[in-house]
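Engineer: You'll find coords.csv just under this line, and it carries CSV, C-alpha atoms and all ligand atoms.
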```csv
chain,number,residue,atom,x,y,z
A,50,MET,CA,174.1,263.9,167.9
A,51,LYS,CA,173.7,261.2,165.3
A,52,PRO,CA,174.5,257.7,166.8
A,53,PRO,CA,177.8,256.3,165.6
A,54,ARG,CA,177.3,253.1,163.6
A,55,LEU,CA,179.0,249.8,164.2
A,56,ILE,CA,179.2,247.6,161.1
A,57,ALA,CA,180.4,244.2,162.0
A,58,ILE,CA,180.8,240.7,160.5
A,59,GLY,CA,178.7,238.0,162.2
A,60,ARG,CA,175.4,237.7,164.0
A,61,LEU,CA,176.0,238.0,167.7
A,62,LYS,CA,173.9,235.4,169.5
A,63,ALA,CA,172.7,235.7,173.1
A,64,GLY,CA,175.5,235.0,175.5
A,65,PRO,CA,178.3,236.7,177.5
A,66,GLU,CA,179.7,238.7,174.5
A,67,ALA,CA,176.2,240.0,173.6
A,68,ALA,CA,175.6,240.8,177.3
A,69,LEU,CA,178.9,242.7,177.6
A,70,PHE,CA,178.1,244.8,174.5
A,71,ALA,CA,174.5,245.5,175.6
A,72,GLN,CA,175.7,246.6,179.0
A,73,TYR,CA,178.0,249.3,177.7
A,74,ASN,CA,175.9,250.2,174.7
A,75,ALA,CA,173.0,251.0,177.0
A,76,ARG,CA,175.2,253.5,178.8
A,77,LEU,CA,176.3,255.3,175.6
A,78,ARG,CA,174.6,258.7,174.7
A,79,PRO,CA,173.7,258.0,172.0
A,80,PRO,CA,174.2,254.2,171.7
A,81,PHE,CA,175.7,252.6,168.7
A,82,ALA,CA,173.4,251.7,165.9
A,83,VAL,CA,174.5,248.2,164.8
A,84,THR,CA,174.5,246.7,161.3
A,85,GLU,CA,175.5,243.0,161.3
A,86,LEU,CA,176.6,241.3,158.1
A,87,PRO,CA,176.7,237.5,157.6
A,88,GLU,CA,180.0,235.6,157.7
A,89,ALA,CA,181.2,234.7,154.2
A,90,GLN,CA,182.2,231.2,153.0
A,91,GLY,CA,185.3,230.1,151.0
A,92,SER,CA,189.0,230.3,151.3
A,93,ALA,CA,190.5,232.8,153.8
A,94,GLY,CA,191.2,235.2,150.9
A,95,GLU,CA,187.6,234.8,149.5
A,96,ILE,CA,186.1,235.3,152.9
A,97,ARG,CA,188.1,238.6,153.3
A,98,ARG,CA,187.1,239.8,149.9
A,99,ARG,CA,183.4,238.9,150.2
A,100,GLU,CA,183.1,240.3,153.7
A,101,GLY,CA,185.1,243.4,152.6
A,102,ALA,CA,182.7,244.0,149.8
A,103,ALA,CA,179.7,243.7,152.2
A,104,LEU,CA,181.3,246.0,154.7
A,105,LEU,CA,182.0,248.6,152.0
A,106,GLY,CA,178.5,248.2,150.6
A,107,ALA,CA,177.0,248.9,154.1
A,108,LEU,CA,179.2,252.0,154.6
A,109,PRO,CA,177.5,255.3,153.7
A,110,GLU,CA,179.5,257.2,151.1
A,111,ALA,CA,180.0,260.2,153.4
A,112,ALA,CA,181.0,258.1,156.4
A,113,PHE,CA,184.1,258.8,158.5
A,114,ALA,CA,185.2,255.1,158.7
A,115,VAL,CA,187.2,253.8,161.6
A,116,ALA,CA,188.5,250.3,160.9
A,117,LEU,CA,189.2,248.2,164.0
A,118,ASP,CA,192.5,246.7,163.0
A,119,LEU,CA,195.5,245.2,164.7
A,120,GLY,CA,197.8,247.0,162.3
A,121,GLY,CA,196.4,250.4,163.4
A,122,VAL,CA,197.6,252.8,166.1
A,123,ALA,CA,196.6,251.9,169.7
A,124,PRO,CA,196.0,255.1,171.5
A,125,GLU,CA,195.6,255.7,175.2
A,126,SER,CA,192.0,256.3,176.2
A,127,GLU,CA,192.6,260.1,176.6
A,128,ALA,CA,194.1,260.2,173.1
A,129,LEU,CA,191.1,258.3,171.8
A,130,ALA,CA,188.8,260.9,173.4
A,131,ALA,CA,190.8,263.7,171.6
A,132,LEU,CA,190.5,261.7,168.3
A,133,ALA,CA,186.7,261.3,168.9
A,134,ALA,CA,186.3,265.0,169.1
A,135,ARG,CA,188.2,265.5,165.9
A,136,TRP,CA,186.2,262.8,164.1
A,137,GLU,CA,182.9,264.4,165.3
A,138,ALA,CA,184.1,267.8,164.2
A,139,THR,CA,184.3,266.5,160.6
A,140,GLY,CA,180.4,266.4,160.6
A,141,ARG,CA,180.6,263.1,158.8
A,142,PRO,CA,178.6,260.1,160.1
A,143,LEU,CA,180.9,258.0,162.2
A,144,CYS,CA,181.1,254.3,161.4
A,145,PHE,CA,183.2,251.7,163.0
A,146,LEU,CA,184.1,248.5,161.0
A,147,ILE,CA,184.9,245.2,162.7
A,148,GLY,CA,186.1,242.3,160.6
A,149,GLY,CA,185.4,238.6,160.9
A,150,ALA,CA,187.7,235.7,161.9
A,151,GLU,CA,189.9,236.3,158.8
A,152,GLY,CA,190.3,240.0,159.4
A,153,LEU,CA,189.6,243.0,157.2
A,154,ASP,CA,190.2,243.0,153.5
A,155,PRO,CA,192.9,245.5,152.2
A,156,THR,CA,190.1,247.3,150.3
A,157,VAL,CA,188.4,248.1,153.6
A,158,LEU,CA,191.7,249.3,155.2
A,159,ALA,CA,192.3,251.5,152.1
A,160,ARG,CA,188.9,253.1,152.5
A,161,ALA,CA,189.2,253.6,156.2
A,162,ASP,CA,189.8,257.2,157.4
A,163,HIS,CA,191.4,255.8,160.6
A,164,ARG,CA,192.7,252.4,161.7
A,165,LEU,CA,192.1,251.9,165.4
A,166,SER,CA,193.9,249.2,167.3
A,167,LEU,CA,192.8,248.0,170.7
A,168,GLY,CA,196.4,246.8,171.4
A,169,PRO,CA,198.6,244.1,169.9
A,170,LEU,CA,196.6,241.2,171.1
A,171,THR,CA,194.2,239.5,168.7
A,172,TRP,CA,190.6,239.5,170.2
A,173,PRO,CA,187.7,237.5,168.9
A,174,HIS,CA,185.5,239.7,166.7
A,175,PHE,CA,182.4,239.3,168.9
A,176,LEU,CA,184.4,240.4,172.0
A,177,VAL,CA,185.7,243.4,170.1
A,178,ARG,CA,182.2,244.9,170.0
A,179,GLY,CA,182.0,244.9,173.8
A,180,LEU,CA,185.6,246.2,174.1
A,181,LEU,CA,184.8,249.1,171.7
A,182,ALA,CA,181.5,249.9,173.5
A,183,GLU,CA,183.4,250.1,176.8
A,184,GLN,CA,186.1,252.3,175.4
A,185,TRP,CA,183.5,254.6,173.7
A,186,TYR,CA,181.8,254.9,177.1
A,187,ARG,CA,185.1,255.7,178.7
A,188,VAL,CA,185.7,258.3,175.9
A,189,GLN,CA,182.4,259.9,176.8
A,190,ALA,CA,183.3,259.8,180.5
A,191,ILE,CA,186.6,261.6,179.8
A,192,ARG,CA,184.9,264.2,177.6
A,193,THR,CA,182.3,265.0,180.2
A,194,GLY,CA,184.6,264.7,183.3
A,195,HIS,CA,182.6,261.7,184.6
A,196,PRO,CA,184.5,259.8,187.4
A,197,TYR,CA,184.1,256.5,185.6
A,198,HIS,CA,187.6,257.2,184.1
A,199,ARG,CA,190.4,257.6,186.6
A,200,ALA,CA,193.4,259.0,184.9
A,201,TRP,CA,196.0,258.5,187.7
A,202,ARG,CA,199.0,256.4,186.9
A,203,PRO,CA,202.0,255.7,189.2
A,204,GLY,CA,204.9,258.0,188.4
B,1,LIG,C1,189.9,237.6,165.1
B,1,LIG,S1,190.2,239.2,164.5
B,1,LIG,C2,191.0,238.9,163.0
B,1,LIG,C3,192.4,238.5,163.1
B,1,LIG,C4,193.1,238.6,161.8
B,1,LIG,N1,194.2,237.6,161.7
B,1,LIG,C5,193.7,240.0,161.6
B,1,LIG,O1,194.9,240.1,161.6
B,1,LIG,O2,192.9,241.0,161.5
B,1,LIG,C6,188.6,239.7,164.0
B,1,LIG,C7,188.4,241.2,163.9
B,1,LIG,O3,188.4,241.8,165.3
B,1,LIG,C8,189.0,243.0,165.3
B,1,LIG,N2,190.1,243.0,166.2
B,1,LIG,C9,190.6,241.9,166.9
B,1,LIG,N3,191.6,242.2,167.7
B,1,LIG,C10,191.8,243.6,167.5
B,1,LIG,C11,192.7,244.5,168.1
B,1,LIG,N4,193.6,244.2,169.0
B,1,LIG,N5,192.5,245.8,167.8
B,1,LIG,C12,191.6,246.2,166.9
B,1,LIG,N6,190.7,245.3,166.3
B,1,LIG,C13,190.8,244.0,166.6
B,1,LIG,C14,189.4,243.4,163.8
B,1,LIG,O4,188.4,244.1,163.2
B,1,LIG,C15,189.5,242.0,163.2
B,1,LIG,O5,189.2,242.1,161.8
```
For the file at hand, write its structure as structure tokens.
Structural biologist:
Amino acid sequence: MKPPRLIAIGRLKAGPEAALFAQYNARLRPPFAVTELPEAQGSAGEIRRREGAALLGALPEAAFAVALDLGGVAPESEALAALAARWEATGRPLCFLIGGAEGLDPTVLARADHRLSLGPLTWPHFLVRGLLAEQWYRVQAIRTGHPYHRAWRPG
């Protein structure tokens, strides 16, 4: 299987966020391939537009693009596992897009094939990489029946 690609704004320096991402990415089969794009300068609108253009420029034309976006739908982990199977069945290279501090430009959201929320809380973009890697590992555990994911919830 081709590795999913993570295209993200900002260069992740060594520290707790990088360690969290590395820990879960190392467990993934296959791990994410990562493309980092520099943070843009200017007003908030200019930053969004410039970063948006860079994200779209780094996105392969055929890609199935999943934008990490607060305005998207926040699925339960089992539902995300079902979505992952559908995304893979398209046969298109899977790419996740993470914005910078100003968020994703509307052009990126318009291009996205899916808008994925990790819940209504706003997370720092560097932390989102680790959260996504953990959820993708959980998705793989759900799909393979690995006990990492415990589905039980109180009734
Ligand atoms: C600090 S947030 C940007 C906040 C910005 N005000 C917005 O509304 O998008 C940086 C990036 O992290 C990702 N992000 C942060 N929280 C998220 C969440 N709860 N669900 C999905 N993505 C999130 C998005 O890709 C976002 O562009």
Engineer: Using only C-alpha atoms and all ligand atoms, find each residue of chain A with at least one atom at most 10 Å away from an atom of ligand LIG 1 (chain B); report its shortest atom-to-atom pair and that distance in Å (one decimal), sort the rows by chain and rising residue number, and return the result as JSON lines.
Structural biologist:
```
{"residue": "A:Ala57", "atom": "CA", "partner": "B:LIG1", "partner_atom": "O4", "distance": 8.1}
{"residue": "A:Ile58", "atom": "CA", "partner": "B:LIG1", "partner_atom": "C7", "distance": 8.3}
{"residue": "A:Ala93", "atom": "CA", "partner": "B:LIG1", "partner_atom": "N1", "distance": 10.0}
{"residue": "A:Arg97", "atom": "CA", "partner": "B:LIG1", "partner_atom": "O5", "distance": 9.3}
{"residue": "A:Val115", "atom": "CA", "partner": "B:LIG1", "partner_atom": "O4", "distance": 9.9}
{"residue": "A:Ala116", "atom": "CA", "partner": "B:LIG1", "partner_atom": "O4", "distance": 6.6}
{"residue": "A:Leu117", "atom": "CA", "partner": "B:LIG1", "partner_atom": "N6", "distance": 4.0}
{"residue": "A:Asp118", "atom": "CA", "partner": "B:LIG1", "partner_atom": "N6", "distance": 4.0}
{"residue": "A:Leu119", "atom": "CA", "partner": "B:LIG1", "partner_atom": "N5", "distance": 4.4}
{"residue": "A:Gly120", "atom": "CA", "partner": "B:LIG1", "partner_atom": "O1", "distance": 7.5}
{"residue": "A:Gly121", "atom": "CA", "partner": "B:LIG1", "partner_atom": "C12", "distance": 7.3}
{"residue": "A:Val122", "atom": "CA", "partner": "B:LIG1", "partner_atom": "N5", "distance": 8.8}
{"residue": "A:Ala123", "atom": "CA", "partner": "B:LIG1", "partner_atom": "N5", "distance": 7.6}
{"residue": "A:Phe145", "atom": "CA", "partner": "B:LIG1", "partner_atom": "O4", "distance": 9.2}
{"residue": "A:Leu146", "atom": "CA", "partner": "B:LIG1", "partner_atom": "O4", "distance": 6.5}
{"residue": "A:Ile147", "atom": "CA", "partner": "B:LIG1", "partner_atom": "O4", "distance": 3.7}
{"residue": "A:Gly148", "atom": "CA", "partner": "B:LIG1", "partner_atom": "O5", "distance": 3.3}
{"residue": "A:Gly149", "atom": "CA", "partner": "B:LIG1", "partner_atom": "C6", "distance": 4.6}
{"residue": "A:Ala150", "atom": "CA", "partner": "B:LIG1", "partner_atom": "C1", "distance": 4.3}
{"residue": "A:Glu151", "atom": "CA", "partner": "B:LIG1", "partner_atom": "C4", "distance": 5.0}
{"residue": "A:Gly152", "atom": "CA", "partner": "B:LIG1", "partner_atom": "O5", "distance": 3.4}
{"residue": "A:Leu153", "atom": "CA", "partner": "B:LIG1", "partner_atom": "O5", "distance": 4.7}
{"residue": "A:Asp154", "atom": "CA", "partner": "B:LIG1", "partner_atom": "O5", "distance": 8.4}
{"residue": "A:Arg164", "atom": "CA", "partner": "B:LIG1", "partner_atom": "C12", "distance": 8.2}
{"residue": "A:Leu165", "atom": "CA", "partner": "B:LIG1", "partner_atom": "C12", "distance": 5.9}
{"residue": "A:Ser166", "atom": "CA", "partner": "B:LIG1", "partner_atom": "N5", "distance": 3.7}
{"residue": "A:Leu167", "atom": "CA", "partner": "B:LIG1", "partner_atom": "N5", "distance": 3.7}
{"residue": "A:Gly168", "atom": "CA", "partner": "B:LIG1", "partner_atom": "N4", "distance": 4.5}
{"residue": "A:Pro169", "atom": "CA", "partner": "B:LIG1", "partner_atom": "N4", "distance": 5.1}
{"residue": "A:Leu170", "atom": "CA", "partner": "B:LIG1", "partner_atom": "N4", "distance": 4.7}
{"residue": "A:Thr171", "atom": "CA", "partner": "B:LIG1", "partner_atom": "N3", "distance": 3.9}
{"residue": "A:Trp172", "atom": "CA", "partner": "B:LIG1", "partner_atom": "N3", "distance": 3.8}
{"residue": "A:Pro173", "atom": "CA", "partner": "B:LIG1", "partner_atom": "C1", "distance": 4.4}
{"residue": "A:His174", "atom": "CA", "partner": "B:LIG1", "partner_atom": "O3", "distance": 3.8}
{"residue": "A:Phe175", "atom": "CA", "partner": "B:LIG1", "partner_atom": "O3", "distance": 7.4}
{"residue": "A:Leu176", "atom": "CA", "partner": "B:LIG1", "partner_atom": "O3", "distance": 7.9}
{"residue": "A:Val177", "atom": "CA", "partner": "B:LIG1", "partner_atom": "O3", "distance": 5.7}
{"residue": "A:Arg178", "atom": "CA", "partner": "B:LIG1", "partner_atom": "O3", "distance": 8.4}
{"residue": "A:Leu180", "atom": "CA", "partner": "B:LIG1", "partner_atom": "N5", "distance": 9.4}
{"residue": "A:Leu181", "atom": "CA", "partner": "B:LIG1", "partner_atom": "C12", "distance": 8.8}
```
Engineer: Would you output that residue set with C-alpha atoms, as a short mmCIF file (atom, residue, chain, number, x, y, z; two decimals), in the frame of the given file?
Structural biologist:
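Output (again30.cif):
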```cif
data_model
loop_
_atom_site.label_atom_id
_atom_site.label_comp_id
_atom_site.auth_asym_id
_atom_site.auth_seq_id
_atom_site.Cartn_x
_atom_site.Cartn_y
_atom_site.Cartn_z
CA ALA A 57 180.40 244.20 162.00
CA ILE A 58 180.80 240.70 160.50
CA ALA A 93 190.50 232.80 153.80
CA ARG A 97 188.10 238.60 153.30
CA VAL A 115 187.20 253.80 161.60
CA ALA A 116 188.50 250.30 160.90
CA LEU A 117 189.20 248.20 164.00
CA ASP A 118 192.50 246.70 163.00
CA LEU A 119 195.50 245.20 164.70
CA GLY A 120 197.80 247.00 162.30
CA GLY A 121 196.40 250.40 163.40
CA VAL A 122 197.60 252.80 166.10
CA ALA A 123 196.60 251.90 169.70
CA PHE A 145 183.20 251.70 163.00
CA LEU A 146 184.10 248.50 161.00
CA ILE A 147 184.90 245.20 162.70
CA GLY A 148 186.10 242.30 160.60
CA GLY A 149 185.40 238.60 160.90
CA ALA A 150 187.70 235.70 161.90
CA GLU A 151 189.90 236.30 158.80
CA GLY A 152 190.30 240.00 159.40
CA LEU A 153 189.60 243.00 157.20
CA ASP A 154 190.20 243.00 153.50
CA ARG A 164 192.70 252.40 161.70
CA LEU A 165 192.10 251.90 165.40
CA SER A 166 193.90 249.20 167.30
CA LEU A 167 192.80 248.00 170.70
CA GLY A 168 196.40 246.80 171.40
CA PRO A 169 198.60 244.10 169.90
CA LEU A 170 196.60 241.20 171.10
CA THR A 171 194.20 239.50 168.70
CA TRP A 172 190.60 239.50 170.20
CA PRO A 173 187.70 237.50 168.90
CA HIS A 174 185.50 239.70 166.70
CA PHE A 175 182.40 239.30 168.90
CA LEU A 176 184.40 240.40 172.00
CA VAL A 177 185.70 243.40 170.10
CA ARG A 178 182.20 244.90 170.00
CA LEU A 180 185.60 246.20 174.10
CA LEU A 181 184.80 249.10 171.70
#
```
Engineer: Counting only C-alpha atoms, which of A:Leu86, A:Ala71, A:Ala200, A:Ala130 gets nearest to Gly106 (chain A)?
Structural biologist: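 For Gly106 (chain A), the nearest of the given residues is A:Leu86.
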Engineer: Pick from A:Thr139, A:Thr84, A:Ser126, A:Thr156: nearest to Arg99 (chain A), with all atoms listed in the file counted?
Structural biologist: A:Thr156
Engineer: Report, in Å to a single decimal, how far apart CA of Pro53 (chain A) and CA of Gln90 (chain A) are.
Structural biologist: 28.4 Å
Engineer: Give me, please, the distance in Å between CA of Gln72 (chain A) and CA of Leu158 (chain A), quoted to one decimal.
Structural biologist: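 Calculated distance between CA of Gln72 (chain A) and CA of Leu158 (chain A) is 28.8 Å.
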Engineer: How far is it from CA of Pro80 (chain A) to CA of His163 (chain A), in Å with one decimal?
Structural biologist: 20.5 Å
Engineer: Report as a PDB file with C-alpha atoms, in the coordinates of the input all protein, DNA and RNA residues lying within 7 Å of region 142-144 of chain A, evaluated on only C-alpha atoms, omitting residues in the same chain fewer than 6 positions from it.
Structural biologist:
```
ATOM      1  CA  PRO A  53     177.800 256.300 165.600  1.00  0.00           C
ATOM      2  CA  ARG A  54     177.300 253.100 163.600  1.00  0.00           C
ATOM      3  CA  LEU A  55     179.000 249.800 164.200  1.00  0.00           C
ATOM      4  CA  ILE A  56     179.200 247.600 161.100  1.00  0.00           C
ATOM      5  CA  ALA A 111     180.000 260.200 153.400  1.00  0.00           C
ATOM      6  CA  ALA A 112     181.000 258.100 156.400  1.00  0.00           C
ATOM      7  CA  PHE A 113     184.100 258.800 158.500  1.00  0.00           C
ATOM      8  CA  ALA A 114     185.200 255.100 158.700  1.00  0.00           C
ATOM      9  CA  VAL A 115     187.200 253.800 161.600  1.00  0.00           C
TER      10      VAL A 115
END
```
Engineer: So, counting all atoms listed in the file, which residue among A:Ala138, A:Val83, A:Ala67, A:Ala107 is closest to Gly179 (chain A)?
Structural biologist: A:Ala67
Engineer: Find the residue from A:Ala134, A:Leu104, A:Trp185, A:Gly194 that sits nearest to Phe70 (chain A); use all atoms listed in the file when measuring.
Structural biologist: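 For Phe70 (chain A), the nearest of the given residues is A:Trp185.
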Engineer: Using all atoms listed in the file, pick whichever of A:Pro109, A:Arg76, A:Gly94, A:Glu137 has the shortest atom-to-atom distance to Lys51 (chain A).
Structural biologist: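 Among the listed residues, A:Glu137 lies closest to Lys51 (chain A).
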Engineer: Have a look at A:Glu183, A:Asp162, A:Glu127, A:Glu95 and name the one nearest to Arg199 (chain A); count only C-alpha atoms.
Structural biologist: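 Distance minimum relative to Arg199 (chain A) lands on A:Glu127.
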Engineer: For Gln189 (chain A), please output as a VMD selection string all residues within 9 Å (counting all atoms listed in the file; exclusion window: fewer than 6 positions along the same chain).
Structural biologist: chain A and resid 77 to 78 130 195
Engineer: Can you take region 50-141 of chain A from the block and write C-alpha atoms as a PDB file, in the first residue's frame?
Structural biologist:
```
ATOM      1  CA  MET A  50       0.000   0.000   0.000  1.00  0.00           C
ATOM      2  CA  LYS A  51       1.296   3.493  -0.875  1.00  0.00           C
ATOM      3  CA  PRO A  52       1.999   5.539   2.259  1.00  0.00           C
ATOM      4  CA  PRO A  53      -0.538   8.257   2.959  1.00  0.00           C
ATOM      5  CA  ARG A  54       1.002  11.723   2.710  1.00  0.00           C
ATOM      6  CA  LEU A  55       0.750  14.429   5.324  1.00  0.00           C
ATOM      7  CA  ILE A  56       1.161  17.922   3.873  1.00  0.00           C
ATOM      8  CA  ALA A  57       1.482  20.437   6.674  1.00  0.00           C
ATOM      9  CA  ILE A  58       2.331  24.063   7.271  1.00  0.00           C
ATOM     10  CA  GLY A  59       5.366  24.681   9.467  1.00  0.00           C
ATOM     11  CA  ARG A  60       8.651  22.986  10.222  1.00  0.00           C
ATOM     12  CA  LEU A  61       8.305  20.767  13.264  1.00  0.00           C
ATOM     13  CA  LYS A  62      11.355  21.209  15.503  1.00  0.00           C
ATOM     14  CA  ALA A  63      12.603  18.594  17.969  1.00  0.00           C
ATOM     15  CA  GLY A  64      10.413  18.634  21.080  1.00  0.00           C
ATOM     16  CA  PRO A  65       7.324  16.969  22.600  1.00  0.00           C
ATOM     17  CA  GLU A  66       5.107  17.475  19.506  1.00  0.00           C
ATOM     18  CA  ALA A  67       7.742  15.931  17.214  1.00  0.00           C
ATOM     19  CA  ALA A  68       8.242  13.035  19.664  1.00  0.00           C
ATOM     20  CA  LEU A  69       4.489  12.369  19.826  1.00  0.00           C
ATOM     21  CA  PHE A  70       4.194  12.306  16.038  1.00  0.00           C
ATOM     22  CA  ALA A  71       7.317  10.134  15.658  1.00  0.00           C
ATOM     23  CA  GLN A  72       6.043   7.644  18.264  1.00  0.00           C
ATOM     24  CA  TYR A  73       2.769   6.955  16.441  1.00  0.00           C
ATOM     25  CA  ASN A  74       4.098   7.375  12.925  1.00  0.00           C
ATOM     26  CA  ALA A  75       6.652   4.633  13.648  1.00  0.00           C
ATOM     27  CA  ARG A  76       3.768   2.273  14.511  1.00  0.00           C
ATOM     28  CA  LEU A  77       1.891   2.933  11.263  1.00  0.00           C
ATOM     29  CA  ARG A  78       2.051   0.387   8.408  1.00  0.00           C
ATOM     30  CA  PRO A  79       2.924   2.204   6.216  1.00  0.00           C
ATOM     31  CA  PRO A  80       3.934   5.405   8.055  1.00  0.00           C
ATOM     32  CA  PHE A  81       2.958   8.827   6.791  1.00  0.00           C
ATOM     33  CA  ALA A  82       5.258  10.452   4.273  1.00  0.00           C
ATOM     34  CA  VAL A  83       5.538  14.082   5.391  1.00  0.00           C
ATOM     35  CA  THR A  84       5.810  17.231   3.302  1.00  0.00           C
ATOM     36  CA  GLU A  85       6.399  20.379   5.351  1.00  0.00           C
ATOM     37  CA  LEU A  86       5.754  23.818   3.895  1.00  0.00           C
ATOM     38  CA  PRO A  87       7.065  27.073   5.371  1.00  0.00           C
ATOM     39  CA  GLU A  88       4.765  29.372   7.318  1.00  0.00           C
ATOM     40  CA  ALA A  89       3.819  32.417   5.212  1.00  0.00           C
ATOM     41  CA  GLN A  90       4.110  36.086   6.206  1.00  0.00           C
ATOM     42  CA  GLY A  91       1.624  38.955   5.940  1.00  0.00           C
ATOM     43  CA  SER A  92      -1.891  39.671   7.177  1.00  0.00           C
ATOM     44  CA  ALA A  93      -4.041  36.747   8.296  1.00  0.00           C
ATOM     45  CA  GLY A  94      -5.773  36.698   4.902  1.00  0.00           C
ATOM     46  CA  GLU A  95      -2.465  36.852   3.012  1.00  0.00           C
ATOM     47  CA  ILE A  96      -1.031  34.064   5.149  1.00  0.00           C
ATOM     48  CA  ARG A  97      -4.051  31.841   4.444  1.00  0.00           C
ATOM     49  CA  ARG A  98      -3.907  32.577   0.704  1.00  0.00           C
ATOM     50  CA  ARG A  99      -0.132  32.008   0.431  1.00  0.00           C
ATOM     51  CA  GLU A 100      -0.159  28.870   2.537  1.00  0.00           C
ATOM     52  CA  GLY A 101      -3.237  27.670   0.648  1.00  0.00           C
ATOM     53  CA  ALA A 102      -1.453  28.083  -2.689  1.00  0.00           C
ATOM     54  CA  ALA A 103       1.561  26.177  -1.328  1.00  0.00           C
ATOM     55  CA  LEU A 104      -0.633  23.355   0.001  1.00  0.00           C
ATOM     56  CA  LEU A 105      -2.460  23.038  -3.323  1.00  0.00           C
ATOM     57  CA  GLY A 106       0.871  23.185  -5.177  1.00  0.00           C
ATOM     58  CA  ALA A 107       2.201  20.267  -3.119  1.00  0.00           C
ATOM     59  CA  LEU A 108      -0.947  18.199  -3.602  1.00  0.00           C
ATOM     60  CA  PRO A 109      -0.758  15.638  -6.433  1.00  0.00           C
ATOM     61  CA  GLU A 110      -3.538  16.200  -8.977  1.00  0.00           C
ATOM     62  CA  ALA A 111      -5.009  12.749  -8.480  1.00  0.00           C
ATOM     63  CA  ALA A 112      -4.855  12.891  -4.685  1.00  0.00           C
ATOM     64  CA  PHE A 113      -7.815  12.128  -2.450  1.00  0.00           C
ATOM     65  CA  ALA A 114      -7.412  15.166  -0.206  1.00  0.00           C
ATOM     66  CA  VAL A 115      -8.542  15.097   3.412  1.00  0.00           C
ATOM     67  CA  ALA A 116      -8.416  18.571   4.977  1.00  0.00           C
ATOM     68  CA  LEU A 117      -8.061  18.662   8.760  1.00  0.00           C
ATOM     69  CA  ASP A 118     -10.619  21.313   9.528  1.00  0.00           C
ATOM     70  CA  LEU A 119     -12.640  22.394  12.554  1.00  0.00           C
ATOM     71  CA  GLY A 120     -15.618  22.945  10.258  1.00  0.00           C
ATOM     72  CA  GLY A 121     -15.632  19.344   9.067  1.00  0.00           C
ATOM     73  CA  VAL A 122     -17.429  16.348  10.475  1.00  0.00           C
ATOM     74  CA  ALA A 123     -15.914  14.758  13.596  1.00  0.00           C
ATOM     75  CA  PRO A 124     -16.458  10.992  13.280  1.00  0.00           C
ATOM     76  CA  GLU A 125     -16.110   8.382  15.984  1.00  0.00           C
ATOM     77  CA  SER A 126     -12.977   6.281  15.540  1.00  0.00           C
ATOM     78  CA  GLU A 127     -14.950   3.299  14.144  1.00  0.00           C
ATOM     79  CA  ALA A 128     -16.586   5.604  11.584  1.00  0.00           C
ATOM     80  CA  LEU A 129     -13.179   6.984  10.648  1.00  0.00           C
ATOM     81  CA  ALA A 130     -11.992   3.404  10.081  1.00  0.00           C
ATOM     82  CA  ALA A 131     -14.947   2.858   7.711  1.00  0.00           C
ATOM     83  CA  LEU A 132     -14.139   6.133   5.925  1.00  0.00           C
ATOM     84  CA  ALA A 133     -10.496   5.084   5.596  1.00  0.00           C
ATOM     85  CA  ALA A 134     -11.555   1.895   3.813  1.00  0.00           C
ATOM     86  CA  ARG A 135     -13.695   3.933   1.407  1.00  0.00           C
ATOM     87  CA  TRP A 136     -10.895   6.420   0.761  1.00  0.00           C
ATOM     88  CA  GLU A 137      -8.426   3.614   0.034  1.00  0.00           C
ATOM     89  CA  ALA A 138     -10.931   1.914  -2.265  1.00  0.00           C
ATOM     90  CA  THR A 139     -10.844   4.996  -4.538  1.00  0.00           C
ATOM     91  CA  GLY A 140      -7.299   3.931  -5.513  1.00  0.00           C
ATOM     92  CA  ARG A 141      -6.246   7.579  -5.342  1.00  0.00           C
TER      93      ARG A 141
END
```
